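**Q** Just entry-v5.tsv, nothing more (TSV, C-alpha atoms and all ligand atoms):
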chain	number	residue	atom	x	y	z
E	158	MET	CA	94.08	102.57	101.41
E	159	HIS	CA	94.07	98.81	100.97
E	160	TYR	CA	96.86	97.30	98.83
E	161	HIS	CA	96.35	93.81	97.40
E	162	VAL	CA	99.53	92.25	96.00
E	163	LEU	CA	99.20	89.17	93.78
E	164	THR	CA	102.55	87.38	93.84
E	165	LEU	CA	104.38	84.06	93.98
E	166	PHE	CA	106.46	85.49	96.89
E	167	PRO	CA	104.03	86.93	99.46
E	168	ASP	CA	106.63	86.86	102.28
E	169	MET	CA	108.88	89.19	100.32
E	170	ILE	CA	106.08	91.78	100.28
E	171	THR	CA	104.93	91.49	103.92
E	172	GLN	CA	108.49	91.38	105.26
E	173	GLY	CA	109.72	94.17	103.04
E	174	LEU	CA	106.93	96.56	104.00
E	175	GLY	CA	106.48	95.52	107.65
E	176	THR	CA	108.95	97.95	109.22
E	177	SER	CA	109.61	101.67	109.51
E	178	ILE	CA	107.00	104.25	108.52
E	179	ILE	CA	104.92	101.90	106.34
E	180	GLY	CA	104.85	99.24	109.10
E	181	ARG	CA	103.72	101.87	111.59
E	182	ALA	CA	100.97	103.08	109.20
E	183	MET	CA	99.67	99.49	108.97
E	184	GLU	CA	99.65	99.10	112.78
E	185	GLN	CA	97.79	102.40	113.08
E	186	GLY	CA	95.28	101.31	110.42
E	187	PHE	CA	95.92	104.06	107.86
E	188	ILE	CA	96.88	101.44	105.26
E	189	GLN	CA	96.18	97.73	104.85
E	190	LEU	CA	98.32	95.23	102.98
E	191	SER	CA	97.20	91.79	101.75
E	192	ALA	CA	99.66	89.59	99.86
E	193	THR	CA	97.87	86.83	97.92
E	194	ASN	CA	99.88	83.82	96.79
E	195	ILE	CA	98.99	83.16	93.15
E	196	ARG	CA	100.07	79.53	93.68
E	197	ASP	CA	97.07	79.07	96.02
E	198	TYR	CA	94.83	79.47	92.93
E	199	SER	CA	96.52	76.77	90.83
E	200	SER	CA	94.12	73.99	89.79
E	201	ASN	CA	97.08	71.73	89.03
E	202	LYS	CA	97.67	68.81	91.41
E	203	HIS	CA	101.30	69.91	91.82
E	204	MET	CA	100.25	73.55	92.30
E	205	LYS	CA	102.08	74.44	89.09
E	206	VAL	CA	101.55	78.04	87.86
E	207	ASP	CA	103.76	78.18	84.74
E	208	ASP	CA	104.20	76.35	81.46
E	209	TYR	CA	106.20	76.50	78.22
E	210	PRO	CA	105.49	79.36	75.80
E	211	TYR	CA	103.45	78.50	72.69
E	212	GLY	CA	105.70	79.03	69.69
E	213	GLY	CA	108.79	78.08	71.64
E	214	GLY	CA	111.56	80.22	73.07
E	215	ALA	CA	113.40	80.63	76.33
E	216	GLY	CA	111.84	80.44	79.80
E	217	MET	CA	108.39	79.78	81.20
E	218	VAL	CA	105.16	81.78	81.14
E	219	MET	CA	102.81	82.28	84.10
E	220	GLN	CA	99.45	80.75	83.19
E	221	ALA	CA	96.24	82.78	83.00
E	222	GLU	CA	93.99	80.74	85.30
E	223	PRO	CA	95.84	81.03	88.67
E	224	VAL	CA	96.39	84.77	88.09
E	225	TYR	CA	92.70	85.22	87.28
E	226	GLY	CA	91.67	83.22	90.37
E	227	ALA	CA	93.83	85.39	92.63
E	228	TYR	CA	92.36	88.54	91.02
E	229	GLN	CA	88.77	87.25	91.38
E	230	SER	CA	89.35	86.55	95.08
E	231	VAL	CA	90.13	90.26	95.57
E	232	VAL	CA	87.12	91.42	93.52
E	233	GLU	CA	84.80	89.16	95.54
E	234	LYS	CA	86.26	90.47	98.80
E	235	ILE	CA	85.90	94.18	98.00
E	236	GLY	CA	82.79	93.98	95.82
E	237	TYR	CA	83.94	96.04	92.83
E	238	LYS	CA	86.57	96.01	90.05
E	239	PRO	CA	89.58	97.98	91.31
E	240	ARG	CA	92.53	99.42	89.39
E	241	VAL	CA	95.05	96.66	88.68
E	242	ILE	CA	98.68	97.66	88.18
E	243	TYR	CA	100.89	95.21	86.27
E	244	LEU	CA	104.57	95.79	87.05
E	245	THR	CA	106.54	95.52	83.83
E	246	PRO	CA	109.54	97.21	82.21
E	247	GLN	CA	107.15	97.75	79.26
E	248	GLY	CA	104.96	100.10	81.33
E	249	SER	CA	104.81	103.88	81.74
E	250	VAL	CA	107.66	105.06	83.96
E	251	PHE	CA	106.42	105.73	87.51
E	252	ASN	CA	106.61	109.36	88.65
E	253	GLN	CA	105.31	111.66	91.39
E	254	SER	CA	102.14	112.65	89.46
E	255	MET	CA	101.21	108.95	89.24
E	256	VAL	CA	101.92	108.61	92.99
E	257	GLU	CA	99.41	111.34	93.78
E	258	GLU	CA	96.82	109.94	91.36
E	259	PHE	CA	97.04	106.37	92.73
E	260	ALA	CA	96.85	107.69	96.31
E	261	ASN	CA	93.20	108.67	95.67
E	262	GLU	CA	92.09	105.05	95.17
E	263	LYS	CA	90.41	103.02	97.93
E	264	ASP	CA	91.94	99.71	96.81
E	265	LEU	CA	94.91	99.03	94.53
E	266	VAL	CA	95.88	95.65	93.12
E	267	PHE	CA	99.52	95.00	92.16
E	268	LEU	CA	100.13	92.04	89.86
E	269	CYS	CA	103.71	90.76	90.07
E	270	GLY	CA	105.01	88.67	87.20
E	271	HIS	CA	107.98	86.33	87.07
E	272	TYR	CA	109.74	84.12	84.54
E	273	GLU	CA	109.27	85.42	80.98
E	274	GLY	CA	105.96	87.07	81.84
E	275	ILE	CA	102.24	86.33	82.17
E	276	ASP	CA	99.84	84.93	79.55
E	277	GLU	CA	98.67	87.98	77.58
E	278	ARG	CA	94.98	87.00	77.75
E	279	VAL	CA	94.64	87.46	81.50
E	280	LEU	CA	96.52	90.76	81.33
E	281	GLU	CA	93.96	91.98	78.73
E	282	GLU	CA	91.17	90.82	81.04
E	283	VAL	CA	92.25	92.42	84.35
E	284	VAL	CA	95.05	95.00	84.00
E	285	THR	CA	94.15	98.72	83.97
E	286	ASP	CA	97.69	100.22	84.29
E	287	TYR	CA	101.08	99.01	83.02
E	288	VAL	CA	103.84	100.56	85.16
E	289	SER	CA	107.66	100.36	85.13
E	290	ILE	CA	109.95	101.85	87.78
E	291	GLY	CA	112.78	102.67	85.36
E	292	ASP	CA	114.79	101.53	82.38
E	293	TYR	CA	116.50	98.41	83.70
E	294	VAL	CA	115.27	94.83	84.05
E	295	LEU	CA	114.47	93.20	87.41
E	296	THR	CA	113.71	89.54	88.15
E	297	GLY	CA	110.09	90.17	89.14
E	298	GLY	CA	107.44	92.72	90.04
E	299	GLU	CA	107.80	92.43	93.82
E	300	LEU	CA	110.44	95.15	94.36
E	301	PRO	CA	108.66	97.56	91.98
E	302	SER	CA	105.34	97.02	93.80
E	303	MET	CA	107.06	97.72	97.12
E	304	VAL	CA	108.61	100.89	95.69
E	305	MET	CA	105.19	102.05	94.49
E	306	ILE	CA	103.45	101.20	97.78
E	307	ASP	CA	106.07	103.13	99.75
E	308	ALA	CA	105.76	106.21	97.52
E	309	ILE	CA	101.92	106.13	97.39
E	310	SER	CA	101.56	105.61	101.15
E	311	ARG	CA	103.35	108.90	101.84
E	312	PHE	CA	100.30	110.58	100.29
E	313	VAL	CA	97.69	108.64	102.27
E	314	PRO	CA	96.31	110.91	105.04
E	315	GLY	CA	97.70	109.99	108.48
E	316	VAL	CA	100.72	108.02	107.26
E	317	LEU	CA	103.26	110.79	107.76
E	318	SER	CA	103.47	112.90	110.91
E	319	ASN	CA	103.58	116.67	110.45
E	320	GLU	CA	107.35	116.58	110.69
E	321	GLU	CA	107.65	113.82	108.12
E	322	SER	CA	105.17	115.56	105.89
E	323	ALA	CA	105.81	115.56	102.18
E	324	GLN	CA	105.32	119.29	101.97
E	325	PHE	CA	108.94	120.44	102.05
E	326	GLU	CA	110.65	117.58	100.26
E	327	SER	CA	112.20	117.00	96.85
E	328	PHE	CA	109.95	117.39	93.81
E	329	HIS	CA	107.65	119.94	95.37
E	330	ASP	CA	107.63	122.78	92.88
E	331	ASN	CA	109.83	120.56	90.69
E	332	LEU	CA	112.90	121.68	92.67
E	333	LEU	CA	115.32	119.42	94.52
E	334	GLU	CA	115.71	119.73	98.28
E	335	TYR	CA	118.35	122.15	99.66
E	336	PRO	CA	121.33	120.70	101.60
E	337	GLN	CA	120.87	119.94	105.32
E	338	TYR	CA	123.35	120.24	108.20
E	339	SER	CA	123.33	119.25	111.86
E	340	ARG	CA	125.84	119.46	114.74
E	341	PRO	CA	128.79	119.86	114.97
E	342	ALA	CA	129.17	123.28	113.29
E	343	GLU	CA	132.56	122.14	111.96
E	344	TRP	CA	133.41	118.58	110.85
E	345	LYS	CA	136.66	117.47	109.17
E	346	GLY	CA	137.44	121.14	108.62
E	347	LYS	CA	134.12	121.72	106.79
E	348	LYS	CA	131.98	124.52	108.22
E	349	VAL	CA	128.20	124.78	108.16
E	350	PRO	CA	127.23	127.81	106.00
E	351	ASP	CA	127.21	130.93	108.21
E	352	VAL	CA	123.68	131.96	107.21
E	353	LEU	CA	122.24	128.83	108.86
E	354	LEU	CA	123.79	129.83	112.21
E	355	SER	CA	122.62	133.46	111.89
E	356	GLY	CA	119.09	133.00	113.17
E	357	HIS	CA	117.89	135.35	110.39
E	358	HIS	CA	114.89	133.42	109.07
E	359	ALA	CA	114.26	135.43	105.91
E	360	ASN	CA	117.91	135.09	104.84
E	361	ILE	CA	117.82	131.37	105.62
E	362	GLU	CA	114.69	130.89	103.47
E	363	LYS	CA	116.26	132.83	100.59
E	364	TRP	CA	119.51	130.83	100.85
E	365	ARG	CA	117.64	127.52	100.89
E	366	ARG	CA	115.52	128.43	97.90
E	367	GLU	CA	118.64	129.49	95.96
E	368	GLN	CA	120.42	126.25	96.91
E	369	SER	CA	117.40	124.30	95.64
E	370	ILE	CA	117.57	126.13	92.31
E	371	LEU	CA	121.37	125.66	92.04
E	372	ARG	CA	121.15	121.96	92.91
E	373	THR	CA	118.34	121.40	90.42
E	374	LEU	CA	120.34	123.18	87.69
E	375	LEU	CA	123.41	121.01	88.36
E	376	ARG	CA	121.72	117.65	88.95
E	377	ARG	CA	118.30	117.64	87.23
E	378	PRO	CA	118.17	120.65	84.88
E	379	GLU	CA	115.17	119.22	82.98
E	380	LEU	CA	113.00	119.73	86.10
E	381	LEU	CA	113.46	123.52	85.87
E	382	GLU	CA	111.17	123.62	82.80
E	383	GLU	CA	108.24	122.86	85.13
E	384	ALA	CA	109.36	124.80	88.21
E	385	SER	CA	107.40	127.89	89.20
E	386	LEU	CA	109.91	130.60	90.06
E	387	THR	CA	109.40	134.23	91.02
E	388	LYS	CA	110.83	136.95	88.77
E	389	LYS	CA	113.78	137.36	91.19
E	390	GLU	CA	114.39	133.61	91.21
E	391	LYS	CA	114.36	133.48	87.40
E	392	GLU	CA	117.02	136.23	87.36
E	393	TYR	CA	119.06	134.23	89.87
E	394	LEU	CA	118.75	131.13	87.66
E	395	GLU	CA	119.93	133.08	84.59
E	396	LYS	CA	122.95	134.32	86.57
E	397	LEU	CA	123.73	130.71	87.60
E	398	ARG	CA	123.40	129.46	84.02
E	399	LEU	CA	125.95	132.05	82.86
E	400	GLU	CA	128.33	131.04	85.67
E	401	VAL	CA	127.97	127.34	84.90
E	402	GLY	CA	128.59	128.08	81.19
E	403	ARG	CA	131.74	130.05	82.05
E	404	LYS	CA	133.04	127.18	84.23
E	405	ILE	CA	132.57	124.70	81.39
E	406	GLU	CA	134.39	126.97	78.89
E	407	ASN	CA	137.12	127.88	81.40
E	408	PRO	CA	137.87	124.92	83.69
E	409	GLU	CA	140.49	125.65	86.40
X	501	LIG	CL1	107.85	97.07	87.05
X	501	LIG	N1	109.29	94.91	86.55
X	501	LIG	C1	110.44	94.30	86.18
X	501	LIG	N2	110.48	92.97	86.14
X	501	LIG	N3	111.53	94.96	85.86
X	501	LIG	C2	111.46	96.28	85.91
X	501	LIG	C3	110.32	96.98	86.28
X	501	LIG	C4	109.23	96.26	86.59
X	501	LIG	N4	110.57	98.30	86.23
X	501	LIG	C5	111.82	98.39	85.84
X	501	LIG	N5	112.36	97.20	85.66
In structure tokens, how does this file's structure come out?
Ligand code: 6GU

**A**
Amino acid sequence: MHYHVLTLFPDMITQGLGTSIIGRAMEQGFIQLSATNIRDYSSNKHMKVDDYPYGGGAGMVMQAEPVYGAYQSVVEKIGYKPRVIYLTPQGSVFNQSMVEEFANEKDLVFLCGHYEGIDERVLEEVVTDYVSIGDYVLTGGELPSMVMIDAISRFVPGVLSNEESAQFESFHDNLLEYPQYSRPAEWKGKKVPDVLLSGHHANIEKWRREQSILRTLLRRPELLEEASLTKKEKEYLEKLRLEVGRKIENPE
């Protein structure tokens, strides 16, 4: 996977993604990251990239030409028109299905806007996907592109070791992860659940699965609509729902 980030702040991208698992994946060659400075494609003698909005109003708008030049430099380098993701709070909200879909691409371009936005005409010309990372407003697309690159890279073959593998983590099966414990067996008077110390693997698996269902019911109940549960697990969920209902009607 080769990520191409078009931005006014290339250092933010390379420094933000240069460490930890993503940094290691770059060193090992499983992913590549190029941050292109849009300012390098300004034709203005002062390297200006923004101007006042036609029609008036607050703030500045990023001009079409430097953005298009930065985009064209990527197309010329790779020899085809890749998917171009524009990071905007107006986009579709990023989720795990989109992660897995984007992970199949060979190249991905992330276009990071600033100020009041980018001239609409260049967006119409180059953007294939409008993506938001949630319902709040950030100062630019750099952090969202880093969030997306981190999430997508976990699905690029080779990036995670077997131990780090995505297989057993949150959102598989649309259930949240069960709680984890490590030594000591008692801390501040709190004991690790007995079953985890029992060595009985079948019981441990059953307990973990039930904890996942309980946690999902309490924290993200809407995910349960999409979870695939066995008949026994559905019965367990119904029992939990009744208990939760009783607790709400009868608080201690
Ligand atoms: Cl993708 N960009 C900006 N500027 N703000 C956001 C966002 C993106 N997603 C949520 N807020």

**Q** Return as a PyMOL selection string the residues of protein, DNA or RNA that approach ligand LIG 501 (chain X) to within 6 Å, with all atoms listed in the file taken into account.

**A** chain E and resi 244-246+288-298+301

**Q** Taking all atoms listed in the file into account, name the residue in E:Pro314, E:Gly212, E:Gly270, E:Gly346 that is nearest to E:Leu300.

**A**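 With all atoms listed in the file as the atom set, the closest residue is E:Gly270.
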
**Q** Go ahead and compute the interatomic distance for atom CA of E:Tyr237 and atom CA of E:Ser302, in Å to one decimal.

**A** 21.4 Å

**Q** When you count all atoms listed in the file, which of these residues is closest to E:Thr171: E:Arg311, E:Ser199, E:Ile306, E:Val224?

**A**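 Looking only at the distances to E:Thr171, the closest residue turns out to be E:Ile306.
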
**Q** Please indicate the distance in Å from atom CA of E:Met305 to atom CA of E:Val256, rounded to one decimal place.

**A** 7.5 Å

**Q** Any idea what the distance is between atom CA of E:Ile178 and atom CA of E:Tyr338?

**A** 22.9 Å

**Q** Considering all atoms listed in the file, state which residue in the set E:Glu273, E:Ser310, E:Asn360, E:Leu354 is at the smallest distance from E:Pro210.

**A**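 Comparing E:Glu273, E:Ser310, E:Asn360, E:Leu354 against E:Pro210, the winner is E:Glu273.
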
**Q** Excluding E:Lys263 and its own-chain neighbours fewer than 6 positions away, which residues fall within 9 Å of it when counting all atoms listed in the file? Please give them as a list in words.

**A** Met158, His159, Tyr160 and Pro239 of chain E

**Q** Could you name the residues that touch stretch 387-403 of chain E at 10 Å or less, counting only C-alpha atoms, but leaving out those on the same chain fewer than 4 positions away, as JSON, numbers by chain?

**A** {"E": [363, 366, 367, 370, 371, 374, 375, 381, 407, 408]}

**Q** Quick one: everything within 10 Å of E:Ile195, counting all atoms listed in the file, minus sequence neighbours fewer than 6 positions away in the same chain. Send it as number ranges by chain.

**A** E: 162-167, 204, 206, 219, 222-228, 268-269

**Q** Smallest atom-to-atom distance to E:Asp330: which of E:Glu383, E:Glu406, E:Glu258, E:Asp264, using only C-alpha atoms?

**A**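 Comparing E:Glu383, E:Glu406, E:Glu258, E:Asp264 against E:Asp330, the winner is E:Glu383.
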
**Q** Identify which of the residues E:His357, E:Lys347, E:His161, E:Lys404 lies closest to E:Ser191, counting only C-alpha atoms when measuring atom-to-atom distances.

**A**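 Checking each of E:His357, E:Lys347, E:His161, E:Lys404 against E:Ser191, counting only C-alpha atoms, the winner is E:His161.
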
**Q** Which of these, E:Ser249, E:Thr193, E:Gln172, E:Asn319, has the shortest distance to E:Phe267 once you count all atoms listed in the file?

**A**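 Ranked by minimum distance to E:Phe267, first place goes to E:Thr193.
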
**Q** Could you give me the centre and size, in Å to one decimal, of an axis-aligned box around all listed atoms of stretch 176-189 of chain E with 8 Å added on every side, as lines of an AutoDock Vina configuration file?

**A**
center_x = 102.4
center_y = 101.0
center_z = 109.0
size_x = 30.3
size_y = 22.5
size_z = 24.2

**Q** N, CA, C and O atoms for stretch 372-387 of chain E, written as a PDB file, in the frame of the given file, could you do that?

**A**
ATOM      1  N   ARG E 372     121.034 123.421  92.904  1.00  0.00           N
ATOM      2  CA  ARG E 372     121.150 121.960  92.910  1.00  0.00           C
ATOM      3  C   ARG E 372     120.347 121.357  91.754  1.00  0.00           C
ATOM      4  O   ARG E 372     120.785 120.415  91.112  1.00  0.00           O
ATOM      5  N   THR E 373     119.169 121.907  91.515  1.00  0.00           N
ATOM      6  CA  THR E 373     118.340 121.400  90.420  1.00  0.00           C
ATOM      7  C   THR E 373     119.029 121.671  89.082  1.00  0.00           C
ATOM      8  O   THR E 373     119.054 120.804  88.202  1.00  0.00           O
ATOM      9  N   LEU E 374     119.623 122.847  88.933  1.00  0.00           N
ATOM     10  CA  LEU E 374     120.340 123.180  87.690  1.00  0.00           C
ATOM     11  C   LEU E 374     121.494 122.211  87.456  1.00  0.00           C
ATOM     12  O   LEU E 374     121.712 121.748  86.337  1.00  0.00           O
ATOM     13  N   LEU E 375     122.232 121.866  88.522  1.00  0.00           N
ATOM     14  CA  LEU E 375     123.410 121.010  88.360  1.00  0.00           C
ATOM     15  C   LEU E 375     123.038 119.536  88.199  1.00  0.00           C
ATOM     16  O   LEU E 375     123.691 118.813  87.453  1.00  0.00           O
ATOM     17  N   ARG E 376     121.989 119.093  88.915  1.00  0.00           N
ATOM     18  CA  ARG E 376     121.720 117.650  88.950  1.00  0.00           C
ATOM     19  C   ARG E 376     120.557 117.200  88.082  1.00  0.00           C
ATOM     20  O   ARG E 376     120.575 116.095  87.551  1.00  0.00           O
ATOM     21  N   ARG E 377     119.501 118.030  87.996  1.00  0.00           N
ATOM     22  CA  ARG E 377     118.300 117.640  87.230  1.00  0.00           C
ATOM     23  C   ARG E 377     117.765 118.836  86.450  1.00  0.00           C
ATOM     24  O   ARG E 377     116.625 119.255  86.655  1.00  0.00           O
ATOM     25  N   PRO E 378     118.585 119.406  85.548  1.00  0.00           N
ATOM     26  CA  PRO E 378     118.170 120.650  84.880  1.00  0.00           C
ATOM     27  C   PRO E 378     116.819 120.560  84.182  1.00  0.00           C
ATOM     28  O   PRO E 378     116.112 121.557  84.080  1.00  0.00           O
ATOM     29  N   GLU E 379     116.438 119.352  83.713  1.00  0.00           N
ATOM     30  CA  GLU E 379     115.170 119.220  82.980  1.00  0.00           C
ATOM     31  C   GLU E 379     113.963 119.537  83.866  1.00  0.00           C
ATOM     32  O   GLU E 379     112.907 119.915  83.362  1.00  0.00           O
ATOM     33  N   LEU E 380     114.127 119.421  85.195  1.00  0.00           N
ATOM     34  CA  LEU E 380     113.000 119.730  86.100  1.00  0.00           C
ATOM     35  C   LEU E 380     112.675 121.225  86.098  1.00  0.00           C
ATOM     36  O   LEU E 380     111.552 121.616  86.387  1.00  0.00           O
ATOM     37  N   LEU E 381     113.661 122.065  85.794  1.00  0.00           N
ATOM     38  CA  LEU E 381     113.460 123.520  85.870  1.00  0.00           C
ATOM     39  C   LEU E 381     112.416 124.006  84.859  1.00  0.00           C
ATOM     40  O   LEU E 381     111.796 125.049  85.070  1.00  0.00           O
ATOM     41  N   GLU E 382     112.198 123.238  83.783  1.00  0.00           N
ATOM     42  CA  GLU E 382     111.170 123.620  82.800  1.00  0.00           C
ATOM     43  C   GLU E 382     109.805 123.749  83.468  1.00  0.00           C
ATOM     44  O   GLU E 382     108.990 124.571  83.070  1.00  0.00           O
ATOM     45  N   GLU E 383     109.559 122.913  84.484  1.00  0.00           N
ATOM     46  CA  GLU E 383     108.240 122.860  85.130  1.00  0.00           C
ATOM     47  C   GLU E 383     108.196 123.601  86.458  1.00  0.00           C
ATOM     48  O   GLU E 383     107.154 123.663  87.097  1.00  0.00           O
ATOM     49  N   ALA E 384     109.329 124.152  86.891  1.00  0.00           N
ATOM     50  CA  ALA E 384     109.360 124.800  88.210  1.00  0.00           C
ATOM     51  C   ALA E 384     108.706 126.175  88.140  1.00  0.00           C
ATOM     52  O   ALA E 384     108.834 126.879  87.142  1.00  0.00           O
ATOM     53  N   SER E 385     107.974 126.539  89.205  1.00  0.00           N
ATOM     54  CA  SER E 385     107.400 127.890  89.200  1.00  0.00           C
ATOM     55  C   SER E 385     108.270 128.796  90.062  1.00  0.00           C
ATOM     56  O   SER E 385     108.340 128.643  91.278  1.00  0.00           O
ATOM     57  N   LEU E 386     108.964 129.711  89.391  1.00  0.00           N
ATOM     58  CA  LEU E 386     109.910 130.600  90.060  1.00  0.00           C
ATOM     59  C   LEU E 386     109.392 132.035  90.008  1.00  0.00           C
ATOM     60  O   LEU E 386     108.729 132.424  89.043  1.00  0.00           O
ATOM     61  N   THR E 387     109.726 132.800  91.032  1.00  0.00           N
ATOM     62  CA  THR E 387     109.400 134.230  91.020  1.00  0.00           C
ATOM     63  C   THR E 387     110.330 134.921  90.011  1.00  0.00           C
ATOM     64  O   THR E 387     111.310 134.328  89.549  1.00  0.00           O
TER      65      THR E 387
END
